[in-house]
$ cat model18.txt   # compact mmCIF, C-alpha atoms (C1' of nucleotides)
# COMPACT_ATOMS: atom_id res chain seq x y z
CA MET A 23 -38.67 53.77 23.98
CA HIS A 24 -35.09 54.85 23.80
CA ILE A 25 -33.19 52.82 26.37
CA VAL A 26 -34.22 49.35 25.30
CA ASN A 27 -31.21 47.04 25.24
CA VAL A 28 -28.77 49.49 26.72
CA ALA A 29 -26.84 47.76 29.49
CA LEU A 30 -26.12 49.51 32.75
CA HIS A 31 -22.39 49.63 32.17
CA GLU A 32 -23.03 51.38 28.86
CA ILE A 33 -24.98 54.11 30.61
CA PHE A 34 -22.16 54.58 33.07
CA GLN A 35 -19.66 54.54 30.26
CA ALA A 36 -21.56 57.36 28.57
CA LEU A 37 -21.33 59.30 31.82
CA SER A 38 -17.66 58.58 32.43
CA ASP A 39 -16.24 61.68 30.79
CA PRO A 40 -15.86 65.10 32.46
CA TYR A 41 -17.25 66.99 29.45
CA ARG A 42 -20.27 64.77 29.28
CA ILE A 43 -20.89 65.30 32.99
CA ARG A 44 -20.68 69.06 32.44
CA ILE A 45 -23.30 68.72 29.71
CA ILE A 46 -25.58 66.65 31.94
CA ARG A 47 -25.16 68.99 34.93
CA LEU A 48 -25.90 72.00 32.74
CA MET A 49 -29.02 70.38 31.32
CA LEU A 50 -30.25 69.38 34.76
CA GLU A 51 -29.67 72.88 36.10
CA SER A 52 -31.05 74.84 33.17
CA LYS A 53 -34.01 72.56 32.47
CA SER A 54 -33.74 73.90 28.95
CA GLU A 55 -33.25 72.66 25.44
CA LEU A 56 -29.99 73.89 24.05
CA CYS A 57 -28.26 73.73 20.71
CA LEU A 58 -24.65 72.94 20.02
CA CYS A 59 -23.49 76.49 19.47
CA GLU A 60 -24.98 77.52 22.80
CA LEU A 61 -23.36 74.54 24.47
CA SER A 62 -20.08 75.48 22.87
CA ASP A 63 -20.32 78.98 24.31
CA ALA A 64 -21.33 77.69 27.74
CA LEU A 65 -18.50 75.18 28.04
CA GLU A 66 -15.92 77.14 26.06
CA GLU A 67 -15.11 74.11 23.98
CA PRO A 68 -15.19 73.74 20.20
CA GLU A 69 -18.36 72.46 18.57
CA TYR A 70 -16.76 69.49 16.86
CA LYS A 71 -15.60 68.24 20.23
CA LEU A 72 -18.93 68.64 21.98
CA SER A 73 -20.76 67.28 18.96
CA ARG A 74 -19.13 63.93 19.56
CA HIS A 75 -19.87 63.97 23.27
CA VAL A 76 -23.49 64.84 22.62
CA LYS A 77 -23.67 61.98 20.16
CA ILE A 78 -22.46 59.54 22.80
CA LEU A 79 -25.05 60.74 25.31
CA LYS A 80 -27.70 60.49 22.62
CA ASN A 81 -26.70 56.95 21.66
CA SER A 82 -26.91 55.89 25.28
CA GLY A 83 -30.47 57.22 25.38
CA LEU A 84 -29.87 59.96 27.93
CA ILE A 85 -30.70 62.91 25.71
CA ASP A 86 -33.16 63.61 22.95
CA SER A 87 -32.59 65.89 19.99
CA VAL A 88 -34.94 67.77 17.69
CA ARG A 89 -33.98 69.62 14.56
CA GLU A 90 -35.49 73.05 14.01
CA GLY A 91 -34.14 74.49 10.81
CA LYS A 92 -30.40 74.88 11.03
CA TRP A 93 -30.40 74.17 14.73
CA ILE A 94 -30.67 70.94 16.63
CA TYR A 95 -31.98 71.28 20.16
CA HIS A 96 -30.79 68.81 22.74
CA SER A 97 -32.36 68.05 26.09
CA LEU A 98 -32.45 65.36 28.71
CA VAL A 99 -34.93 62.57 28.19
CA THR A 100 -38.25 63.24 29.90
CA ASP A 101 -38.53 59.85 31.58
CA GLU A 102 -38.79 60.52 35.31
CA LYS A 103 -36.88 57.39 36.25
CA TYR A 104 -33.73 58.43 34.42
CA LEU A 105 -34.04 62.02 35.54
CA LYS A 106 -34.29 60.97 39.16
CA LEU A 107 -31.26 58.77 38.80
CA LEU A 108 -29.27 61.64 37.33
CA HIS A 109 -30.47 64.05 39.97
CA LYS A 110 -29.53 61.62 42.67
CA ALA A 111 -26.07 61.16 41.18
CA VAL A 112 -25.29 64.85 40.92
CA SER A 113 -26.56 65.50 44.44
CA VAL A 114 -24.58 62.65 45.99
CA PHE A 115 -21.44 63.73 44.14
CA PRO A 116 -21.55 67.51 44.12
CA ASP A 117 -19.56 69.57 41.68
CA SER A 118 -16.58 70.26 43.93
CA ALA A 119 -14.69 72.27 41.32
CA ASN A 120 -17.72 74.51 40.88
CA GLN A 121 -17.56 74.02 37.16
CA LEU A 122 -21.33 74.07 36.80
CA ALA A 123 -21.59 77.59 38.21
CA ARG A 124 -19.29 78.92 35.51
CA ASP A 125 -20.86 76.91 32.70
CA PHE A 126 -24.34 77.93 33.78
CA ALA A 127 -23.40 81.62 34.03
CA ARG A 128 -22.07 81.59 30.49
CA PHE A 129 -25.13 79.73 29.30
CA GLN A 130 -27.42 82.34 30.90
CA LYS A 131 -25.55 85.08 29.06
CA ARG A 132 -25.84 83.17 25.84
CA LEU A 133 -29.58 82.81 26.35
CA ASN A 134 -29.94 86.57 26.16
CA ILE A 135 -29.28 86.58 22.45
CA ARG A 136 -32.08 84.13 21.75
CA GLU A 137 -35.09 85.50 19.91
CA ALA A 138 -38.52 84.22 20.81
CA GLY A 139 -36.86 81.58 22.95
CA ARG A 140 -34.89 80.10 20.07
CA CYS A 141 -31.29 80.36 19.01
CA ARG A 142 -31.46 82.91 16.21
CA GLN A 143 -28.16 84.71 16.27
CA PRO A 144 -24.80 83.67 15.00
CA SER A 145 -22.73 82.25 17.76
CA ARG A 146 -20.39 84.91 19.00
CA VAL A 147 -17.69 85.59 21.48
CA ILE A 148 -19.20 86.55 24.80
CA ASP A 149 -16.03 87.70 26.45
CA GLU A 150 -12.48 88.00 25.32
CA LYS A 151 -11.17 84.84 26.91
CA GLN A 152 -13.42 82.82 24.71
CA LYS A 153 -11.29 82.46 21.62
CA VAL A 154 -11.65 78.71 21.58
CA ARG A 155 -14.16 78.69 18.77
CA ARG A 156 -13.15 79.67 15.28
CA MET B 234 -14.22 59.44 54.53
CA HIS B 235 -13.58 57.52 51.36
CA ILE B 236 -15.13 59.48 48.52
CA VAL B 237 -13.56 62.87 49.19
CA ASN B 238 -12.25 64.36 45.97
CA VAL B 239 -13.63 61.73 43.66
CA ALA B 240 -15.37 63.43 40.76
CA LEU B 241 -18.68 62.16 39.47
CA HIS B 242 -17.28 61.07 36.12
CA GLU B 243 -14.71 58.97 37.97
CA ILE B 244 -17.46 57.11 39.79
CA PHE B 245 -19.20 56.44 36.51
CA GLN B 246 -15.92 55.43 34.96
CA ALA B 247 -15.45 52.86 37.73
CA LEU B 248 -18.90 51.51 36.92
CA SER B 249 -18.43 51.47 33.15
CA ASP B 250 -17.26 47.88 32.81
CA PRO B 251 -19.53 44.82 32.59
CA TYR B 252 -17.46 42.79 35.07
CA ARG B 253 -17.52 45.60 37.58
CA ILE B 254 -21.28 45.85 37.22
CA ARG B 255 -21.56 42.12 37.83
CA ILE B 256 -19.54 42.58 41.00
CA ILE B 257 -21.71 45.46 42.18
CA ARG B 258 -24.95 43.65 41.35
CA LEU B 259 -23.76 40.55 43.19
CA MET B 260 -22.79 42.57 46.24
CA LEU B 261 -26.11 44.41 46.27
CA GLU B 262 -28.02 41.16 45.95
CA SER B 263 -26.03 39.09 48.43
CA LYS B 264 -25.54 41.83 51.02
CA SER B 265 -22.47 39.87 51.99
CA GLU B 266 -18.76 40.32 52.30
CA LEU B 267 -16.97 38.15 49.82
CA CYS B 268 -13.37 37.33 49.11
CA LEU B 269 -11.67 37.15 45.75
CA CYS B 270 -11.69 33.38 45.42
CA GLU B 271 -15.43 33.33 46.08
CA LEU B 272 -15.94 36.09 43.56
CA SER B 273 -13.86 34.16 41.07
CA ASP B 274 -16.08 31.13 41.51
CA ALA B 275 -19.26 33.18 41.28
CA LEU B 276 -18.30 34.98 38.08
CA GLU B 277 -16.27 32.17 36.55
CA GLU B 278 -13.41 34.52 35.84
CA PRO B 279 -9.78 34.25 36.91
CA GLU B 280 -8.71 35.90 40.14
CA TYR B 281 -6.03 38.08 38.58
CA LYS B 282 -8.65 39.61 36.33
CA LEU B 283 -11.18 40.29 39.05
CA SER B 284 -8.46 41.49 41.39
CA ARG B 285 -7.88 44.42 39.09
CA HIS B 286 -11.58 45.22 38.75
CA VAL B 287 -12.01 45.08 42.51
CA LYS B 288 -9.08 47.44 42.86
CA ILE B 289 -10.71 49.97 40.55
CA LEU B 290 -13.97 49.84 42.50
CA LYS B 291 -12.01 50.21 45.70
CA ASN B 292 -10.06 53.22 44.42
CA SER B 293 -13.29 54.91 43.44
CA GLY B 294 -14.53 54.47 46.99
CA LEU B 295 -17.42 52.16 46.19
CA ILE B 296 -16.19 49.13 48.09
CA ASP B 297 -14.34 48.53 51.32
CA SER B 298 -11.93 45.70 52.00
CA VAL B 299 -10.75 44.04 55.21
CA ARG B 300 -7.99 41.50 55.50
CA GLU B 301 -8.61 38.48 57.67
CA GLY B 302 -5.59 36.24 57.55
CA LYS B 303 -5.01 35.04 54.01
CA TRP B 304 -8.34 36.37 52.87
CA ILE B 305 -9.47 39.86 52.01
CA TYR B 306 -13.18 40.43 52.32
CA HIS B 307 -14.76 42.98 50.04
CA SER B 308 -18.11 44.66 50.46
CA LEU B 309 -20.00 47.71 49.34
CA VAL B 310 -19.47 50.86 51.34
CA THR B 311 -22.02 51.27 54.12
CA ASP B 312 -22.90 54.88 53.32
CA GLU B 313 -26.64 54.93 52.65
CA LYS B 314 -26.36 57.66 50.03
CA TYR B 315 -24.11 55.63 47.77
CA LEU B 316 -26.05 52.45 48.36
CA LYS B 317 -29.30 54.15 47.40
CA LEU B 318 -27.73 55.50 44.26
CA LEU B 319 -26.52 52.06 43.28
CA HIS B 320 -29.86 50.46 44.10
CA LYS B 321 -31.62 53.06 42.02
CA ALA B 322 -29.29 52.46 39.10
CA VAL B 323 -29.69 48.69 39.07
CA SER B 324 -33.46 48.97 39.39
CA VAL B 325 -33.80 51.51 36.59
CA PHE B 326 -31.57 49.44 34.33
CA PRO B 327 -32.44 45.85 35.10
CA ASP B 328 -30.13 42.98 34.27
CA SER B 329 -31.70 42.04 30.95
CA ALA B 330 -29.25 39.21 30.25
CA ASN B 331 -30.08 37.68 33.62
CA GLN B 332 -26.42 37.47 34.44
CA LEU B 333 -26.99 38.22 38.11
CA ALA B 334 -29.19 35.16 38.57
CA ARG B 335 -26.40 32.89 37.40
CA ASP B 336 -23.66 34.68 39.32
CA PHE B 337 -25.74 34.69 42.46
CA ALA B 338 -26.59 30.99 42.16
CA ARG B 339 -22.92 30.09 41.89
CA PHE B 340 -22.11 32.37 44.79
CA GLN B 341 -24.74 30.68 46.95
CA LYS B 342 -23.21 27.29 46.19
CA ARG B 343 -19.79 28.64 47.03
CA LEU B 344 -21.08 29.93 50.37
CA ASN B 345 -21.85 26.36 51.42
CA ILE B 346 -18.20 25.56 51.83
CA ARG B 347 -17.63 28.42 54.23
CA GLU B 348 -16.91 27.49 57.84
CA ALA B 349 -18.30 29.64 60.61
CA GLY B 350 -19.34 32.15 57.98
CA ARG B 351 -15.82 32.63 56.68
CA CYS B 352 -14.00 31.40 53.62
CA ARG B 353 -11.97 28.51 55.01
CA GLN B 354 -11.65 26.00 52.22
CA PRO B 355 -9.41 26.01 49.23
CA SER B 356 -11.19 27.42 46.25
CA ARG B 357 -12.41 24.57 44.10
CA VAL B 358 -14.25 23.78 40.96
CA ILE B 359 -17.97 23.80 41.59
CA ASP B 360 -19.01 22.25 38.33
CA GLU B 361 -17.14 20.92 35.37
CA LYS B 362 -17.60 23.91 33.13
CA GLN B 363 -15.60 25.98 35.51
CA LYS B 364 -12.09 25.29 34.31
CA VAL B 365 -11.30 28.96 34.03
CA ARG B 366 -9.23 29.03 37.20
CA ARG B 367 -5.94 27.25 37.32
C1' DG C 174 -27.58 79.05 -7.80
C1' DA C 175 -24.35 80.81 -4.42
C1' DT C 176 -23.33 81.84 0.17
C1' DA C 177 -23.71 81.36 5.17
C1' DC C 178 -24.05 78.95 9.12
C1' DA C 179 -25.14 74.78 12.39
C1' DC C 180 -23.50 70.68 12.81
C1' DT C 181 -20.95 66.15 11.61
C1' DT C 182 -17.25 63.13 10.39
C1' DG C 183 -12.93 60.79 8.04
C1' DC C 184 -8.34 60.57 9.09
C1' DA C 185 -4.19 60.52 11.89
C1' DT C 186 -2.48 60.24 16.37
C1' DA C 187 -1.80 60.06 21.37
C1' DT C 188 -3.56 58.11 25.48
C1' DT C 189 -6.08 54.99 28.23
C1' DT C 190 -8.00 50.59 29.18
C1' DG C 191 -8.48 45.58 29.56
C1' DT C 192 -6.19 41.25 29.67
C1' DG C 193 -3.08 37.05 29.76
C1' DC C 194 1.01 35.26 31.46
C1' DA C 195 4.29 34.63 34.79
C1' DA C 196 6.49 36.18 38.73
C1' DG C 197 5.70 38.52 42.76
C1' DT C 198 3.94 39.59 48.02
C1' DG C 199 1.78 38.41 52.31
C1' DT C 200 -0.12 35.17 55.54
C1' DT C 201 -0.96 30.72 57.55
C1' DT C 202 0.06 25.98 58.30
C1' DA C 203 2.80 21.71 58.23
C1' DT D 72 11.88 26.82 57.57
C1' DA D 73 9.35 25.19 53.81
C1' DA D 74 5.23 24.67 51.48
C1' DA D 75 0.52 26.13 50.44
C1' DC D 76 -2.70 29.31 49.28
C1' DA D 77 -5.07 34.14 48.66
C1' DC D 78 -4.10 37.78 46.30
C1' DT D 79 -1.33 41.33 43.41
C1' DT D 80 1.37 43.18 39.73
C1' DG D 81 5.19 44.03 35.92
C1' DC D 82 5.31 43.40 31.26
C1' DA D 83 3.61 43.09 26.56
C1' DC D 84 0.01 43.85 23.56
C1' DA D 85 -4.59 44.56 21.48
C1' DA D 86 -8.57 47.33 21.50
C1' DA D 87 -11.08 51.36 22.67
C1' DT D 88 -11.25 56.34 23.46
C1' DA D 89 -10.48 61.28 22.95
C1' DT D 90 -9.16 64.97 20.03
C1' DG D 91 -7.46 68.29 16.35
C1' DC D 92 -7.73 69.38 11.70
C1' DA D 93 -9.95 69.77 7.56
C1' DA D 94 -13.49 68.46 4.66
C1' DG D 95 -18.03 67.10 4.65
C1' DT D 96 -23.65 67.37 5.06
C1' DG D 97 -27.97 69.73 5.68
C1' DT D 98 -30.81 73.80 5.95
C1' DA D 99 -31.97 78.60 5.35
C1' DT D 100 -31.11 82.98 3.23
C1' DC D 101 -29.35 86.18 -0.24

$ encode --input "model18.txt" --output "structure tokens"
Amino acid sequence: MHIVNVALHEIFQALSDPYRIRIIRLMLESKSELCLCELSDALEEPEYKLSRHVKILKNSGLIDSVREGKWIYHSLVTDEKYLKLLHKAVSVFPDSANQLARDFARFQKRLNIREAGRCRQPSRVIDEKQKVRR
Amino acid sequence: MHIVNVALHEIFQALSDPYRIRIIRLMLESKSELCLCELSDALEEPEYKLSRHVKILKNSGLIDSVREGKWIYHSLVTDEKYLKLLHKAVSVFPDSANQLARDFARFQKRLNIREAGRCRQPSRVIDEKQKVRR
DNA sequence: GATACACTTGCATATTTGTGCAAGTGTTTA
DNA sequence: TAAACACTTGCACAAATATGCAAGTGTATC
């Protein structure tokens, strides 16, 4: 019951930012819940920045979030209609800069430090380039 | 060959305005070319305003324009992929305020003063409320 | 209770966006 | 050539958006 009273232009507005598209593409590709620190490692952007983008996607009804202890796991809504729309969009407009491949590779690495399928480790630098986070 | 090098977030950005959505919905519904003065009558908004919104949609590759004498006819691109995406979007997020019904009704009225299927009359007030245009 | 960590947010600021007005361009017609 | 009309755009300005920093909240662990 999330998207009641959200106008179409508001959905598009939520999707009108390159970082938010990277988040959506990553979620579509990984089919996984992911928390902010993992997202931060995947996109190599600071948490406070992505936190706001996630909030916008959440307010537009495109993603759901669940708290589990210290972590909050975010994922795409399960409604097939919205998922199909998003899939259609990303397939019609492919990721020409190949950003998804890089984001997804970093996310896969980050997944390795999960324990029992959950984020249980302090967020850490995966390679040396990644000094973006404090 | 329009949409080369347009990123997905730019498409969404072009669609992130309520007036631009009204234009797209009207074009999807009417399946017709329409010129700016007709659009202005349909949406009850001044031409200079809609001219800019049309330009944005055009730059994003979503609509095509052809000049015929004084008039420039605008229509959705013919590419089935983009059309399907737009159709999907408007069906998943229906026009809850029923704006399309009103825009389309005014557009239908405006069509009556076409000659030989083309805009040939000076744009005029259709009903008294419509004093928006000079 | 104190500390640690995941995440959020108030504030300041730079940039982008939407819009009205008035002046402009381009084309046709008198 | 002048006037009419469809459409566009330079300028000014208000509102919305994105972002960094630093301080905040909430939860678990020591």

$ closest_atom_pairs --input "model18.txt" --of "chain B" --to "chain D" --cutoff "9 Å" --atoms "all atoms listed in the file" --output "Markdown table"
| residue | atom | partner | partner_atom | distance |
| --- | --- | --- | --- | --- |
| B:Cys268 | CA | D:DA77 | C1' | 8.9 |
| B:Leu269 | CA | D:DC78 | C1' | 7.6 |
| B:Cys270 | CA | D:DA77 | C1' | 7.4 |
| B:Glu280 | CA | D:DC78 | C1' | 7.9 |
| B:Tyr281 | CA | D:DT79 | C1' | 7.5 |
| B:Ser284 | CA | D:DT79 | C1' | 7.4 |
| B:Arg285 | CA | D:DT79 | C1' | 8.4 |
| B:Lys303 | CA | D:DA77 | C1' | 5.4 |
| B:Trp304 | CA | D:DA77 | C1' | 5.8 |
| B:Ile305 | CA | D:DA77 | C1' | 8.0 |
| B:Pro355 | CA | D:DC76 | C1' | 7.5 |

$ write_last_selection --input "model18.txt" --atoms "C-alpha atoms" --output "PDB file, keeping the file's coordinate frame"
ATOM      1  CA  CYS B 268     -13.370  37.330  49.110  1.00  0.00           C
ATOM      2  CA  LEU B 269     -11.670  37.150  45.750  1.00  0.00           C
ATOM      3  CA  CYS B 270     -11.690  33.380  45.420  1.00  0.00           C
ATOM      4  CA  GLU B 280      -8.710  35.900  40.140  1.00  0.00           C
ATOM      5  CA  TYR B 281      -6.030  38.080  38.580  1.00  0.00           C
ATOM      6  CA  SER B 284      -8.460  41.490  41.390  1.00  0.00           C
ATOM      7  CA  ARG B 285      -7.880  44.420  39.090  1.00  0.00           C
ATOM      8  CA  LYS B 303      -5.010  35.040  54.010  1.00  0.00           C
ATOM      9  CA  TRP B 304      -8.340  36.370  52.870  1.00  0.00           C
ATOM     10  CA  ILE B 305      -9.470  39.860  52.010  1.00  0.00           C
ATOM     11  CA  PRO B 355      -9.410  26.010  49.230  1.00  0.00           C
TER      12      PRO B 355
END

$ residues_around --input "model18.txt" --residues "Ser265 in chain B" --least-positions-apart "3" --cutoff "10 Å" --atoms "all atoms listed in the file" --output "ChimeraX atom specification"
/B:259-262,268,306-309

$ atom_distance --input "model18.txt" --atom1 "C1' of DA195 in chain C" --atom2 "CA of His286 in chain B"
19.5 Å

$ closest_atom_pairs --input "model18.txt" --of "chain B" --to "chain A" --cutoff "8 Å" --atoms "all atoms listed in the file" --output "tab-separated table"
residue	atom	partner	partner_atom	distance
B:Asn238	CA	A:Ser118	CA	7.6
B:Ala240	CA	A:Phe115	CA	7.0
B:Leu241	CA	A:Phe115	CA	5.6
B:His242	CA	A:Ser38	CA	4.5
B:Glu243	CA	A:Ser38	CA	6.3
B:Ile244	CA	A:Ser38	CA	7.5
B:Phe245	CA	A:Ser38	CA	4.9
B:Gln246	CA	A:Ser38	CA	4.4
B:Leu248	CA	A:Phe34	CA	5.9
B:Ser249	CA	A:Gln35	CA	4.4
B:Asp250	CA	A:His31	CA	5.5
B:Pro251	CA	A:His31	CA	5.6
B:Ile254	CA	A:His31	CA	6.4
B:Lys314	CA	A:Val114	CA	6.7
B:Tyr315	CA	A:Val114	CA	7.3
B:Leu318	CA	A:Lys110	CA	6.6
B:Lys321	CA	A:Leu107	CA	6.6
B:Ala322	CA	A:Leu107	CA	6.6
B:Val323	CA	A:Leu30	CA	7.3
B:Val325	CA	A:Lys103	CA	6.6
B:Phe326	CA	A:Leu30	CA	5.7
B:Pro327	CA	A:Leu30	CA	7.7
B:Asp328	CA	A:Ala29	CA	7.5
B:Ser329	CA	A:Asn27	CA	7.6

$ closest_atom_pairs --input "model18.txt" --of "chain C" --to "chain A" --cutoff "12 Å" --atoms "all atoms listed in the file" --output "tab-separated table"
residue	atom	partner	partner_atom	distance
C:DA177	C1'	A:Pro144	CA	10.2
C:DC178	C1'	A:Pro144	CA	7.6
C:DA179	C1'	A:Lys92	CA	5.4
C:DC180	C1'	A:Ser73	CA	7.5
C:DT181	C1'	A:Ser73	CA	7.4
C:DT182	C1'	A:Tyr70	CA	9.1

$ atom_distance --input "model18.txt" --atom1 "CA of Ile296 in chain B" --atom2 "CA of Glu271 in chain B"
15.9 Å

$ atom_distance --input "model18.txt" --atom1 "CA of Asp86 in chain A" --atom2 "CA of Leu56 in chain A"
10.8 Å

$ axis_aligned_box --input "model18.txt" --around "range 186-199 of chain C" --padding-each-side "5 Å" --output "AutoDock Vina command-line options"
--center_x -1.0 --center_y 47.4 --center_z 34.3 --size_x 25.0 --size_y 35.6 --size_z 45.9

$ closest_residue --input "model18.txt" --among "B:Lys282, B:Ser298, B:Ser263, B:Leu333" --to "DG193 in chain C" --atoms "all atoms listed in the file"
B:Lys282
